[in-house]
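Chemist: Input work_35.cif, format and content: mmCIF, C-alpha atoms.
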data_final
#
loop_
_atom_site.group_PDB
_atom_site.id
_atom_site.type_symbol
_atom_site.label_atom_id
_atom_site.label_comp_id
_atom_site.auth_asym_id
_atom_site.auth_seq_id
_atom_site.Cartn_x
_atom_site.Cartn_y
_atom_site.Cartn_z
ATOM 1 C CA MET A 1 -28.847 19.639 42.462
ATOM 2 C CA ARG A 2 -25.139 20.085 43.140
ATOM 3 C CA PHE A 3 -24.618 16.321 43.164
ATOM 4 C CA PHE A 4 -26.384 16.011 39.805
ATOM 5 C CA MET A 5 -24.136 18.684 38.241
ATOM 6 C CA ASP A 6 -21.000 17.041 39.630
ATOM 7 C CA CYS A 7 -22.115 13.705 38.163
ATOM 8 C CA MET A 8 -22.770 15.313 34.771
ATOM 9 C CA VAL A 9 -19.311 16.960 34.721
ATOM 10 C CA ALA A 10 -17.667 13.674 35.710
ATOM 11 C CA LEU A 11 -19.636 11.858 33.018
ATOM 12 C CA MET A 12 -18.634 14.400 30.349
ATOM 13 C CA LEU A 13 -14.967 14.219 31.367
ATOM 14 C CA THR A 14 -15.106 10.422 31.231
ATOM 15 C CA ALA A 15 -16.685 10.559 27.767
ATOM 16 C CA ILE A 16 -14.006 12.975 26.538
ATOM 17 C CA LEU A 17 -11.229 10.797 27.951
ATOM 18 C CA ALA A 18 -12.756 7.677 26.349
ATOM 19 C CA GLY A 19 -13.011 9.514 23.017
ATOM 20 C CA VAL A 20 -9.357 10.571 23.144
ATOM 21 C CA MET A 21 -8.264 7.051 24.041
ATOM 22 C CA TRP A 22 -10.363 5.564 21.212
ATOM 23 C CA TYR A 23 -8.949 8.065 18.693
ATOM 24 C CA ASN A 24 -5.371 7.313 19.757
ATOM 25 C CA ARG A 25 -5.944 3.558 19.452
ATOM 26 C CA VAL A 26 -7.470 3.875 15.960
ATOM 27 C CA ASP A 27 -4.654 6.220 14.882
ATOM 28 C CA ALA A 28 -2.006 3.782 16.166
ATOM 29 C CA GLN A 29 -3.656 0.878 14.318
ATOM 30 C CA HIS A 30 -3.779 2.935 11.120
ATOM 31 C CA THR A 31 -0.105 3.897 11.451
ATOM 32 C CA GLN A 32 0.866 0.287 12.123
ATOM 33 C CA ALA A 33 -1.033 -0.939 9.037
ATOM 34 C CA ARG A 34 0.568 1.760 6.892
ATOM 35 C CA ASP A 35 4.067 0.881 8.133
ATOM 36 C CA LEU A 36 3.478 -2.838 7.601
ATOM 37 C CA ALA A 37 2.240 -2.242 4.039
ATOM 38 C CA ARG A 38 5.413 -0.259 3.313
ATOM 39 C CA ALA A 39 7.605 -3.040 4.734
ATOM 40 C CA GLU A 40 5.734 -5.652 2.679
ATOM 41 C CA VAL A 41 6.266 -3.684 -0.540
ATOM 42 C CA ARG A 42 9.982 -3.607 0.240
ATOM 43 C CA ARG A 43 10.022 -7.341 0.991
ATOM 44 C CA PHE A 44 8.193 -8.052 -2.251
ATOM 45 C CA GLN A 45 10.606 -5.821 -4.196
ATOM 46 C CA GLN A 46 13.604 -7.573 -2.610
ATOM 47 C CA GLN A 47 12.255 -10.932 -3.757
ATOM 48 C CA ILE A 48 11.852 -9.597 -7.308
ATOM 49 C CA SER A 49 15.469 -8.369 -7.184
ATOM 50 C CA LEU A 50 16.656 -11.732 -5.862
ATOM 51 C CA GLN A 51 14.813 -13.669 -8.557
ATOM 52 C CA THR A 52 16.201 -11.295 -11.194
ATOM 53 C CA ALA A 53 19.739 -11.924 -9.955
ATOM 54 C CA LEU A 54 19.275 -15.699 -9.745
ATOM 55 C CA ALA A 55 17.966 -15.804 -13.319
ATOM 56 C CA GLN A 56 16.191 -19.130 -12.716
ATOM 57 C CA VAL A 57 12.755 -18.014 -13.901
ATOM 58 C CA GLN A 58 11.329 -16.920 -17.215
ATOM 59 C CA ARG A 59 12.264 -13.278 -17.668
ATOM 60 C CA SER A 60 10.883 -10.341 -19.620
ATOM 61 C CA GLU A 61 12.789 -8.625 -22.412
ATOM 62 C CA ARG A 62 14.285 -6.310 -19.795
ATOM 63 C CA GLY A 63 15.441 -9.167 -17.555
ATOM 64 C CA TYR A 64 12.836 -9.100 -14.780
ATOM 65 C CA PRO A 65 10.737 -12.130 -13.794
ATOM 66 C CA GLN A 66 7.783 -12.476 -16.157
ATOM 67 C CA SER A 67 5.518 -13.667 -13.337
ATOM 68 C CA VAL A 68 5.555 -13.999 -9.561
ATOM 69 C CA GLU A 69 5.547 -17.410 -7.925
ATOM 70 C CA PRO A 70 4.022 -17.736 -4.431
ATOM 71 C CA ASP A 71 6.727 -20.345 -3.617
ATOM 72 C CA TRP A 72 9.309 -17.536 -3.551
ATOM 73 C CA PHE A 73 7.853 -16.331 -0.246
ATOM 74 C CA GLN A 74 8.088 -19.667 1.584
ATOM 75 C CA GLY A 75 4.455 -19.783 2.621
ATOM 76 C CA LYS A 76 4.173 -16.151 3.730
ATOM 77 C CA LEU A 77 2.893 -14.072 0.845
ATOM 78 C CA PRO A 78 3.346 -10.317 1.198
ATOM 79 C CA SER A 79 0.240 -8.795 2.684
ATOM 80 C CA ASN A 80 -1.358 -5.411 2.295
ATOM 81 C CA PRO A 81 -3.147 -4.727 5.592
ATOM 82 C CA LEU A 82 -4.679 -1.566 4.135
ATOM 83 C CA LEU A 83 -7.038 -3.690 2.020
ATOM 84 C CA ASP A 84 -9.263 -6.563 3.089
ATOM 85 C CA SER A 85 -9.205 -10.156 1.879
ATOM 86 C CA SER A 86 -11.885 -9.574 -0.772
ATOM 87 C CA HIS A 87 -9.192 -8.080 -3.040
ATOM 88 C CA PRO A 88 -7.078 -10.343 -5.256
ATOM 89 C CA TRP A 89 -3.445 -10.578 -4.172
ATOM 90 C CA LEU A 90 -1.563 -9.530 -7.315
ATOM 91 C CA GLU A 91 -2.062 -8.006 -10.725
ATOM 92 C CA ILE A 92 0.618 -8.373 -13.395
ATOM 93 C CA ALA A 93 0.878 -5.299 -15.625
ATOM 94 C CA ALA A 94 -0.598 -5.597 -19.094
ATOM 95 C CA PRO A 95 1.734 -5.497 -22.115
ATOM 96 C CA GLU A 96 0.723 -1.894 -22.874
ATOM 97 C CA GLU A 97 1.917 -0.898 -19.372
ATOM 98 C CA THR A 98 5.502 -2.113 -19.960
ATOM 99 C CA ASP A 99 7.076 1.317 -19.342
ATOM 100 C CA MET A 100 4.987 2.239 -16.312
ATOM 101 C CA LEU A 101 6.373 2.661 -12.815
ATOM 102 C CA HIS A 102 2.908 3.006 -11.247
ATOM 103 C CA PRO A 103 -0.428 1.352 -12.006
ATOM 104 C CA LEU A 104 -3.124 3.443 -13.612
ATOM 105 C CA GLN A 105 -5.430 2.490 -10.744
ATOM 106 C CA ARG A 106 -3.582 3.383 -7.536
ATOM 107 C CA VAL A 107 -6.600 3.270 -5.249
ATOM 108 C CA ALA A 108 -8.436 -0.011 -4.741
ATOM 109 C CA ALA A 109 -11.897 1.413 -5.202
ATOM 110 C CA GLY A 110 -13.583 -1.922 -5.910
ATOM 111 C CA ASN A 111 -13.131 -5.499 -4.698
ATOM 112 C CA GLY A 112 -11.823 -6.590 -8.103
ATOM 113 C CA VAL A 113 -8.713 -4.418 -7.788
ATOM 114 C CA ALA A 114 -5.627 -6.311 -6.619
ATOM 115 C CA LYS A 115 -3.675 -5.389 -3.498
ATOM 116 C CA PHE A 116 -0.346 -5.373 -5.351
ATOM 117 C CA TRP A 117 0.693 -4.499 -8.904
ATOM 118 C CA TYR A 118 3.851 -5.874 -10.516
ATOM 119 C CA ASN A 119 5.328 -4.720 -13.811
ATOM 120 C CA PRO A 120 7.727 -7.231 -15.408
ATOM 121 C CA GLY A 121 8.813 -4.496 -17.838
ATOM 122 C CA THR A 122 10.273 -2.275 -15.116
ATOM 123 C CA GLY A 123 10.573 -4.756 -12.253
ATOM 124 C CA VAL A 124 8.589 -2.596 -9.831
ATOM 125 C CA VAL A 125 6.013 -3.642 -7.272
ATOM 126 C CA ARG A 126 3.401 -1.214 -5.969
ATOM 127 C CA ALA A 127 0.803 -1.571 -3.245
ATOM 128 C CA ARG A 128 -2.588 -0.077 -3.811
ATOM 129 C CA VAL A 129 -4.250 1.904 -1.059
ATOM 130 C CA PRO A 130 -7.866 2.310 0.017
ATOM 131 C CA ALA A 131 -9.802 5.392 -0.968
ATOM 132 C CA GLY A 132 -9.206 8.080 1.627
ATOM 133 C CA GLY A 133 -11.230 11.074 2.655
ATOM 134 C CA SER A 134 -9.683 13.053 -0.203
ATOM 135 C CA ASP A 135 -7.446 12.583 -3.219
ATOM 136 C CA LYS A 136 -4.633 14.280 -1.283
ATOM 137 C CA SER A 137 -4.837 11.845 1.632
ATOM 138 C CA SER A 138 -4.946 8.897 -0.795
ATOM 139 C CA VAL A 139 -1.927 10.075 -2.802
ATOM 140 C CA ASP A 140 -0.026 10.806 0.420
ATOM 141 C CA MET A 141 -0.720 7.262 1.622
ATOM 142 C CA TYR A 142 0.233 5.809 -1.783
ATOM 143 C CA ASN A 143 3.488 7.784 -1.857
ATOM 144 C CA PHE A 144 4.403 6.736 1.688
ATOM 145 C CA VAL A 145 3.685 3.042 1.195
ATOM 146 C CA ASN A 146 5.453 2.880 -2.175
ATOM 147 C CA ASP A 147 8.353 5.286 -1.500
ATOM 148 C CA SER A 148 7.280 7.461 -4.398
ATOM 149 C CA ALA A 149 6.599 11.125 -5.012
ATOM 150 C CA LEU A 150 3.627 11.353 -7.344
ATOM 151 C CA PRO A 151 2.042 14.823 -7.295
ATOM 152 C CA ASP A 152 -1.485 13.404 -7.593
ATOM 153 C CA LEU A 153 -3.396 10.161 -8.044
ATOM 154 C CA PHE A 154 -3.832 10.717 -11.749
ATOM 155 C CA ALA A 155 -0.231 11.546 -12.662
ATOM 156 C CA ASP A 156 1.271 9.676 -15.595
ATOM 157 C CA GLY A 157 3.024 6.616 -14.134
ATOM 158 C CA SER A 158 5.421 6.034 -17.020
ATOM 159 C CA ALA A 159 9.153 5.902 -16.375
ATOM 160 C CA ALA A 160 9.790 8.796 -18.795
ATOM 161 C CA ALA A 161 7.209 11.047 -17.119
ATOM 162 C CA VAL A 162 8.507 10.258 -13.617
ATOM 163 C CA ALA A 163 12.121 10.888 -14.703
ATOM 164 C CA ALA A 164 11.125 14.221 -16.275
ATOM 165 C CA ALA A 165 9.246 15.309 -13.117
ATOM 166 C CA THR A 166 12.077 14.390 -10.745
ATOM 167 C CA PRO A 167 14.456 17.326 -10.057
#
Kindly return the structure encoded in the file as structure tokens.
Modeler:
Amino acid sequence: MRFFMDCMVALMLTAILAGVMWYNRVDAQHTQARDLARAEVRRFQQQISLQTALAQVQRSERGYPQSVEPDWFQGKLPSNPLLDSSHPWLEIAAPEETDMLHPLQRVAAGNGVAKFWYNPGTGVVRARVPAGGSDKSSVDMYNFVNDSALPDLFADGSAAAVAAATP
């Protein structure tokens, strides 16, 4: 009987240790994907700034590239590891979104929602994030990846509203 109890304790301790190791691995992968998405948004934004400065492409009224050319990235398009390959790569903001700094849809809830959003009116690039366990976790992820400070997922993304909310 004693041997059986010792085996059960050893088995439980092994299971707990395996669970902790699994959790740490998943957490590290999640952190790595989040950090890579943030770096890719910055790389994308740098390319938009470069193309704006070079002035060799068709530009919007405000001077930003009207569209994004995959050739700019020399065969390595920016990736968003937070979303799978079923999502389109890029969405260009609609004309009615010219003043927006953030897309209306910040969470890629469906497969038809693009990984990145670019607004030629403001020259900003944003990465969308997957739906999290809560709105707070999703907005926290969105703010981290995009270096922003939106109070919630449904905040007005216009430049005027963001400027008014910033202290």
Chemist: What are the nearest atom pairs, with distances in Å to one decimal, for all residues of stretch 112-155 of chain A that come at most 12 Å from stretch 69-90 of chain A, using all atoms listed in the file, set out by chain and rising residue number as a tab-separated table?
Modeler:
residue	atom	partner	partner_atom	distance
A:Gly112	CA	A:His87	CA	5.9
A:Val113	CA	A:His87	CA	6.0
A:Ala114	CA	A:Pro88	CA	4.5
A:Lys115	CA	A:Trp89	CA	5.2
A:Phe116	CA	A:Leu90	CA	4.8
A:Trp117	CA	A:Leu90	CA	5.7
A:Tyr118	CA	A:Leu90	CA	7.3
A:Asn119	CA	A:Leu90	CA	10.6
A:Val125	CA	A:Leu90	CA	9.6
A:Arg126	CA	A:Leu90	CA	9.8
A:Ala127	CA	A:Asn80	CA	7.1
A:Arg128	CA	A:Leu83	CA	8.2
A:Val129	CA	A:Leu82	CA	6.3
A:Pro130	CA	A:Leu83	CA	6.4
A:Ala131	CA	A:Leu83	CA	10.0
A:Gly132	CA	A:Leu82	CA	10.9
A:Ser138	CA	A:Leu82	CA	11.6
A:Met141	CA	A:Leu82	CA	10.0
A:Tyr142	CA	A:Leu82	CA	10.7
A:Val145	CA	A:Asn80	CA	9.9
A:Asn146	CA	A:Asn80	CA	11.6
Chemist: When you count all atoms listed in the file, which of these residues is closest to A:Phe44: A:Pro65, A:Met8, A:Lys136, A:Val124?
Modeler: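 Going through A:Pro65, A:Met8, A:Lys136, A:Val124 one by one, the smallest distance to A:Phe44 is for A:Val124.
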Chemist: Between atom CA of A:Glu97 and atom CA of A:Gly121, what distance in Å does the model show, to one decimal?
Modeler: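 Value for the atom CA of A:Glu97-atom CA of A:Gly121 distance: 7.9 Å.
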Chemist: Quick one: residues within 12 Å of A:Pro95, all atoms listed in the file counted, chain neighbours fewer than 2 positions away excluded, as a VMD selection string?
Modeler: chain A and resid 60 to 61 66 92 to 93 97 to 100 118 to 122
Chemist: Report, in Å to a single decimal, how far apart atom CA of A:Leu101 and atom CA of A:Ala149 are.
Modeler: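 Computing it gives 11.5 Å between the two atoms.
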Chemist: Draw an axis-aligned box tight on the listed atoms of stretch 116-126 of chain A, then pad every side by 4 Å and write out centre and edge lengths in Å to one decimal as AutoDock Vina command-line options.
Modeler:
--center_x 5.1 --center_y -4.2 --center_z -11.6 --size_x 18.9 --size_y 14.0 --size_z 20.5
Chemist: Could you jot down the atom CA of A:Gly63 to atom CA of A:Leu50 separation for me, Å, one decimal place?
Modeler: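 That distance, rounded to one decimal, is 12.0 Å.
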Chemist: Any chance you could tabulate, as a Markdown table, the residues of stretch 50-119 of chain A at most 10 Å from stretch 150-153 of chain A with each one's nearest atom pair and distance in Å to one decimal, using only C-alpha atoms, in chain and rising number order?
Modeler:
| residue | atom | partner | partner_atom | distance |
| --- | --- | --- | --- | --- |
| A:His102 | CA | A:Leu150 | CA | 9.2 |
| A:Leu104 | CA | A:Leu153 | CA | 8.7 |
| A:Gln105 | CA | A:Leu153 | CA | 8.4 |
| A:Arg106 | CA | A:Leu153 | CA | 6.8 |
| A:Val107 | CA | A:Leu153 | CA | 8.1 |
